[in-house]
Amino acid sequence: MSRYHLAQLNLARLSAPIDSPQLADFVANLDRINGLADDSPGFVWRLQTEEGDATGIDFFGADYIANLSVWESLESLHDYVYRSAHIEVLRRKKEWFEKMPGPYMVLWWVPEGHLPSIEEAAQKLALLQEEGPGEGAFTFRKPFPAAGSTATALAD
């Protein structure tokens with residue numbers, strides 16, 4: 001049976017330039033939060049430049065930042081996002097980011113060993129925006145199992 005990992009894209013529109021005083025706390029926490037992800041159980045990979053983060057990748061536009069990563073499971077990503085020190089940064093997102101008009105986070109299954117491109121991630125976000133959650137693109141609120149799996153919901 002093939003094994004799958006969970007890919008995720010989280011897109012945010014900056015409320016000010018990345019080097020502005022308004023985003024100074026966000027930028028100051030990047031290395032710590034990225035390091036926390038790197039060391040989290042179930043973490044596989046994240047998109048990054050030589051600087052160690054993805055803030056310099058402007059695929060979606062200069063005023064957007066994207067986080068693209070791969071995890072062993074839905075549970076491991078969920079634990080990192082909501083049950084680690086990452087939650088401190090998440091609680092402050094209104095200070096740094098504009099409210100997005102539609103979906104800004106998408107999850108999808110990839111074969112173990114596959115590292116998604118930013119283009120693939122953009123296609124998955126577009127699929128979620130166009131069709132809503134489904135097997136090819138979904139959310140934490142409405143997850144779908146990997147092929148051959150029956151697990152569909154997060155355990156509390």
# chains A, B, ... in the order shown; residues from 1 in each chain; ligands from 1
$ residues_around --residues "region 2-13 of chain A" --least-positions-apart "2" --cutoff "8 Å" --atoms "only C-alpha atoms" --output "ChimeraX atom specification"
/A:15,63-74,97-100,104-112,116,121,125,146-147
$ write_last_selection --atoms "C-alpha atoms" --output "mmCIF file, in the first residue's frame"
data_model
loop_
_atom_site.group_PDB
_atom_site.id
_atom_site.type_symbol
_atom_site.label_atom_id
_atom_site.label_comp_id
_atom_site.auth_asym_id
_atom_site.auth_seq_id
_atom_site.Cartn_x
_atom_site.Cartn_y
_atom_site.Cartn_z
ATOM 1 C CA SER A 15 -0.985 44.552 6.097
ATOM 2 C CA ASP A 63 2.182 41.730 -0.588
ATOM 3 C CA TYR A 64 1.586 38.016 0.068
ATOM 4 C CA ILE A 65 3.609 35.455 1.967
ATOM 5 C CA ALA A 66 3.125 31.738 1.586
ATOM 6 C CA ASN A 67 3.939 28.845 3.870
ATOM 7 C CA LEU A 68 4.167 25.500 2.084
ATOM 8 C CA SER A 69 5.072 22.382 4.043
ATOM 9 C CA VAL A 70 4.685 18.601 4.191
ATOM 10 C CA TRP A 71 3.766 16.586 7.279
ATOM 11 C CA GLU A 72 3.457 12.881 8.065
ATOM 12 C CA SER A 73 -0.191 13.247 9.055
ATOM 13 C CA LEU A 74 -3.113 15.578 9.567
ATOM 14 C CA PHE A 97 -2.262 40.301 7.920
ATOM 15 C CA GLU A 98 -5.309 41.462 6.004
ATOM 16 C CA LYS A 99 -8.500 39.419 6.191
ATOM 17 C CA MET A 100 -8.600 37.133 3.153
ATOM 18 C CA TYR A 104 -6.251 30.950 2.329
ATOM 19 C CA MET A 105 -5.225 27.522 3.610
ATOM 20 C CA VAL A 106 -5.469 24.250 1.745
ATOM 21 C CA LEU A 107 -4.487 20.691 2.612
ATOM 22 C CA TRP A 108 -3.940 17.765 0.237
ATOM 23 C CA TRP A 109 -2.300 14.337 0.214
ATOM 24 C CA VAL A 110 0.932 13.710 -1.670
ATOM 25 C CA PRO A 111 2.786 10.439 -2.182
ATOM 26 C CA GLU A 112 5.505 9.962 0.422
ATOM 27 C CA PRO A 116 5.049 20.015 -3.869
ATOM 28 C CA ALA A 121 -0.008 24.510 -4.135
ATOM 29 C CA LEU A 125 -5.909 26.489 -3.413
ATOM 30 C CA ALA A 146 -5.577 9.677 1.993
ATOM 31 C CA ALA A 147 -6.149 6.985 -0.626
#
$ closest_residue --among "A:Ser40, A:Gly148, A:Ala62, A:Lys93" --to "Asp79 (chain A)" --atoms "only C-alpha atoms"
A:Ser40
$ atom_distance --atom1 "CA of Leu36 (chain A)" --atom2 "CA of Gln22 (chain A)"
23.2 Å
$ select_by_dssp --residues "region 58-113 of chain A" --states "helix (DSSP H, G or I)" --output "ChimeraX atom specification"
/A:74-83,86-90,93-96
$ closest_residue --among "A:Pro103, A:Pro17, A:Gly56, A:Gly113" --to "Arg141 (chain A)" --atoms "only C-alpha atoms"
A:Pro103
$ select_by_dssp --residues "chain A" --states "strand (DSSP E or B)" --output "number ranges by chain"
A: 4-14, 43-46, 64-71, 97, 105-111, 134, 137-138
$ residues_around --residues "Ile18 (chain A)" --least-positions-apart "4" --cutoff "9 Å" --atoms "only C-alpha atoms" --output "VMD selection string"
chain A and resid 14 22 to 24 26 to 27 55 63
$ write_last_selection --atoms "all heavy atoms" --output "JSON list (two decimals), in the first residue's frame"
[["chain", "number", "residue", "atom", "x", "y", "z"],
["A", 14, "LEU", "N", -0.02, 40.58, 3.57],
["A", 14, "LEU", "CA", 0.60, 41.47, 4.56],
["A", 14, "LEU", "C", -0.17, 42.78, 4.67],
["A", 14, "LEU", "O", -0.60, 43.34, 3.67],
["A", 14, "LEU", "CB", 2.05, 41.77, 4.15],
["A", 14, "LEU", "CG", 2.99, 40.58, 4.04],
["A", 14, "LEU", "CD1", 4.32, 41.01, 3.44],
["A", 14, "LEU", "CD2", 3.19, 39.93, 5.39],
["A", 22, "GLN", "N", 5.55, 47.74, 11.69],
["A", 22, "GLN", "CA", 4.32, 47.02, 12.02],
["A", 22, "GLN", "C", 4.52, 45.50, 12.01],
["A", 22, "GLN", "O", 3.90, 44.79, 12.79],
["A", 22, "GLN", "CB", 3.21, 47.39, 11.04],
["A", 22, "GLN", "CG", 1.87, 46.75, 11.36],
["A", 22, "GLN", "CD", 0.78, 47.17, 10.39],
["A", 22, "GLN", "OE1", 0.87, 48.22, 9.76],
["A", 22, "GLN", "NE2", -0.25, 46.36, 10.29],
["A", 23, "LEU", "N", 5.40, 45.00, 11.14],
["A", 23, "LEU", "CA", 5.62, 43.55, 11.03],
["A", 23, "LEU", "C", 6.89, 43.09, 11.74],
["A", 23, "LEU", "O", 7.27, 41.93, 11.64],
["A", 23, "LEU", "CB", 5.66, 43.12, 9.56],
["A", 23, "LEU", "CG", 4.30, 42.69, 9.01],
["A", 23, "LEU", "CD1", 3.34, 43.84, 8.90],
["A", 23, "LEU", "CD2", 4.43, 41.95, 7.72],
["A", 24, "ALA", "N", 7.53, 43.99, 12.48],
["A", 24, "ALA", "CA", 8.80, 43.66, 13.13],
["A", 24, "ALA", "C", 8.68, 42.45, 14.07],
["A", 24, "ALA", "O", 9.55, 41.58, 14.07],
["A", 24, "ALA", "CB", 9.34, 44.88, 13.89],
["A", 26, "PHE", "N", 6.47, 40.00, 13.93],
["A", 26, "PHE", "CA", 6.27, 38.81, 13.10],
["A", 26, "PHE", "C", 7.61, 38.31, 12.55],
["A", 26, "PHE", "O", 7.95, 37.13, 12.69],
["A", 26, "PHE", "CB", 5.30, 39.10, 11.95],
["A", 26, "PHE", "CG", 5.20, 37.97, 10.97],
["A", 26, "PHE", "CD1", 4.49, 36.83, 11.29],
["A", 26, "PHE", "CD2", 5.84, 38.04, 9.74],
["A", 26, "PHE", "CE1", 4.41, 35.77, 10.39],
["A", 26, "PHE", "CE2", 5.78, 36.99, 8.83],
["A", 26, "PHE", "CZ", 5.06, 35.85, 9.16],
["A", 27, "VAL", "N", 8.38, 39.21, 11.95],
["A", 27, "VAL", "CA", 9.68, 38.86, 11.38],
["A", 27, "VAL", "C", 10.63, 38.34, 12.47],
["A", 27, "VAL", "O", 11.35, 37.36, 12.26],
["A", 27, "VAL", "CB", 10.29, 40.05, 10.61],
["A", 27, "VAL", "CG1", 11.71, 39.77, 10.17],
["A", 27, "VAL", "CG2", 9.42, 40.40, 9.40],
["A", 55, "THR", "N", 9.55, 34.09, 3.00],
["A", 55, "THR", "CA", 9.02, 35.44, 2.83],
["A", 55, "THR", "C", 9.52, 36.11, 1.55],
["A", 55, "THR", "O", 8.88, 37.03, 1.06],
["A", 55, "THR", "CB", 9.35, 36.35, 4.04],
["A", 55, "THR", "OG1", 10.76, 36.41, 4.21],
["A", 55, "THR", "CG2", 8.68, 35.84, 5.30],
["A", 63, "ASP", "N", 2.81, 41.49, -1.89],
["A", 63, "ASP", "CA", 2.18, 41.73, -0.59],
["A", 63, "ASP", "C", 1.63, 40.46, 0.05],
["A", 63, "ASP", "O", 0.89, 40.52, 1.03],
["A", 63, "ASP", "CB", 1.10, 42.81, -0.68],
["A", 63, "ASP", "CG", 0.04, 42.50, -1.72],
["A", 63, "ASP", "OD1", 0.25, 41.62, -2.57],
["A", 63, "ASP", "OD2", -1.03, 43.15, -1.68]]
$ residues_around --residues "Ala37 (chain A)" --least-positions-apart "2" --cutoff "9 Å" --atoms "only C-alpha atoms" --output "list in words"
Arg32, Ile33, Asn34, Gly35, Asp39, Ser40, Pro41, Phe43, Arg46, Leu77, Tyr80, Val81 and His86 of chain A
$ write_last_selection --atoms "C-alpha atoms" --output "PDB file, in the first residue's frame"
ATOM      1  CA  ARG A  32      11.864  30.545  16.185  1.00  0.00           C
ATOM      2  CA  ILE A  33       8.539  29.397  14.722  1.00  0.00           C
ATOM      3  CA  ASN A  34      10.148  27.833  11.643  1.00  0.00           C
ATOM      4  CA  GLY A  35      12.596  26.030  13.931  1.00  0.00           C
ATOM      5  CA  ASP A  39      11.653  20.049  15.190  1.00  0.00           C
ATOM      6  CA  SER A  40       7.978  19.059  15.519  1.00  0.00           C
ATOM      7  CA  PRO A  41       6.936  15.401  15.443  1.00  0.00           C
ATOM      8  CA  PHE A  43       7.368  17.434  10.170  1.00  0.00           C
ATOM      9  CA  ARG A  46       8.980  23.230   4.174  1.00  0.00           C
ATOM     10  CA  LEU A  77       0.241  19.383  11.411  1.00  0.00           C
ATOM     11  CA  TYR A  80       1.971  22.029  15.485  1.00  0.00           C
ATOM     12  CA  VAL A  81      -0.527  24.700  14.401  1.00  0.00           C
ATOM     13  CA  HIS A  86       2.881  28.499  17.051  1.00  0.00           C
TER      14      HIS A  86
END
$ closest_residue --among "A:Gly102, A:Phe60, A:Asp53, A:Ser76" --to "Gly132 (chain A)" --atoms "only C-alpha atoms"
A:Gly102
$ decode --residues "region 34-62 of chain A" --atoms "N, CA, C and O atoms" --output "CSV table (one decimal), in the first residue's frame"
chain,number,residue,atom,x,y,z
A,34,ASN,N,9.7,28.8,12.7
A,34,ASN,CA,10.1,27.8,11.6
A,34,ASN,C,11.0,26.7,12.3
A,34,ASN,O,10.8,25.5,11.9
A,35,GLY,N,11.8,27.1,13.2
A,35,GLY,CA,12.6,26.0,13.9
A,35,GLY,C,11.7,25.1,14.7
A,35,GLY,O,12.0,23.9,14.8
A,36,LEU,N,10.7,25.6,15.3
A,36,LEU,CA,9.7,24.8,16.0
A,36,LEU,C,9.0,23.8,15.1
A,36,LEU,O,8.9,22.6,15.4
A,37,ALA,N,8.7,24.3,13.9
A,37,ALA,CA,8.1,23.4,12.9
A,37,ALA,C,9.1,22.3,12.5
A,37,ALA,O,8.8,21.1,12.5
A,38,ASP,N,10.3,22.7,12.2
A,38,ASP,CA,11.3,21.8,11.8
A,38,ASP,C,11.6,20.7,12.8
A,38,ASP,O,11.9,19.5,12.5
A,39,ASP,N,11.4,21.0,14.1
A,39,ASP,CA,11.7,20.0,15.2
A,39,ASP,C,10.4,19.3,15.7
A,39,ASP,O,10.4,18.5,16.6
A,40,SER,N,9.2,19.6,15.1
A,40,SER,CA,8.0,19.1,15.5
A,40,SER,C,7.8,17.6,15.0
A,40,SER,O,8.2,17.3,13.9
A,41,PRO,N,7.2,16.8,15.9
A,41,PRO,CA,6.9,15.4,15.4
A,41,PRO,C,6.1,15.4,14.2
A,41,PRO,O,5.1,16.2,14.1
A,42,GLY,N,6.5,14.6,13.2
A,42,GLY,CA,5.7,14.5,12.0
A,42,GLY,C,6.1,15.5,10.9
A,42,GLY,O,5.6,15.4,9.8
A,43,PHE,N,6.9,16.5,11.2
A,43,PHE,CA,7.4,17.4,10.2
A,43,PHE,C,8.2,16.7,9.1
A,43,PHE,O,9.1,15.9,9.5
A,44,VAL,N,8.0,17.0,7.9
A,44,VAL,CA,8.8,16.4,6.8
A,44,VAL,C,9.6,17.5,6.0
A,44,VAL,O,10.9,17.3,5.9
A,45,TRP,N,9.0,18.6,5.6
A,45,TRP,CA,9.7,19.5,4.8
A,45,TRP,C,8.9,20.8,4.7
A,45,TRP,O,7.7,20.9,4.9
A,46,ARG,N,9.6,22.0,4.4
A,46,ARG,CA,9.0,23.2,4.2
A,46,ARG,C,9.7,24.0,3.1
A,46,ARG,O,11.0,23.9,3.0
A,47,LEU,N,9.0,24.7,2.3
A,47,LEU,CA,9.6,25.6,1.3
A,47,LEU,C,10.3,26.7,2.0
A,47,LEU,O,9.8,27.4,2.9
A,48,GLN,N,11.6,27.0,1.5
A,48,GLN,CA,12.3,28.1,2.1
A,48,GLN,C,13.4,28.5,1.1
A,48,GLN,O,13.8,27.7,0.3
A,49,THR,N,13.8,29.7,1.3
A,49,THR,CA,15.0,30.3,0.5
A,49,THR,C,16.2,30.1,1.3
A,49,THR,O,16.2,29.5,2.4
A,50,GLU,N,17.3,30.6,0.8
A,50,GLU,CA,18.6,30.5,1.5
A,50,GLU,C,18.6,31.2,2.9
A,50,GLU,O,19.3,30.8,3.8
A,51,GLU,N,17.6,32.1,3.0
A,51,GLU,CA,17.5,32.8,4.3
A,51,GLU,C,16.8,32.0,5.4
A,51,GLU,O,16.7,32.4,6.5
A,52,GLY,N,16.2,30.8,5.0
A,52,GLY,CA,15.6,29.9,5.9
A,52,GLY,C,14.1,30.1,6.1
A,52,GLY,O,13.5,29.4,7.0
A,53,ASP,N,13.5,31.0,5.3
A,53,ASP,CA,12.1,31.1,5.4
A,53,ASP,C,11.6,31.3,3.9
A,53,ASP,O,12.3,31.3,3.0
A,54,ALA,N,10.3,31.6,3.8
A,54,ALA,CA,9.7,31.7,2.4
A,54,ALA,C,9.2,33.1,2.2
A,54,ALA,O,8.5,33.3,1.2
A,55,THR,N,9.6,34.1,3.0
A,55,THR,CA,9.0,35.4,2.8
A,55,THR,C,9.5,36.1,1.6
A,55,THR,O,8.9,37.0,1.1
A,56,GLY,N,10.6,35.6,1.0
A,56,GLY,CA,11.2,36.2,-0.2
A,56,GLY,C,10.6,35.7,-1.5
A,56,GLY,O,10.9,36.1,-2.6
A,57,ILE,N,9.7,34.7,-1.4
A,57,ILE,CA,9.0,34.1,-2.5
A,57,ILE,C,7.7,34.8,-2.8
A,57,ILE,O,6.8,34.8,-2.0
A,58,ASP,N,7.7,35.6,-3.9
A,58,ASP,CA,6.5,36.4,-4.2
A,58,ASP,C,5.6,35.8,-5.3
A,58,ASP,O,5.1,36.6,-6.1
A,59,PHE,N,5.5,34.5,-5.4
A,59,PHE,CA,4.7,33.9,-6.4
A,59,PHE,C,3.3,34.5,-6.5
A,59,PHE,O,2.7,34.6,-7.5
A,60,PHE,N,2.7,34.8,-5.3
A,60,PHE,CA,1.3,35.2,-5.3
A,60,PHE,C,1.2,36.8,-5.3
A,60,PHE,O,0.1,37.3,-5.3
A,61,GLY,N,2.3,37.4,-5.3
A,61,GLY,CA,2.4,38.9,-5.3
A,61,GLY,C,3.3,39.4,-4.2
A,61,GLY,O,3.4,38.7,-3.2
A,62,ALA,N,3.8,40.6,-4.3
A,62,ALA,CA,4.7,41.1,-3.3
A,62,ALA,C,4.1,41.3,-2.0
A,62,ALA,O,4.8,41.3,-1.0
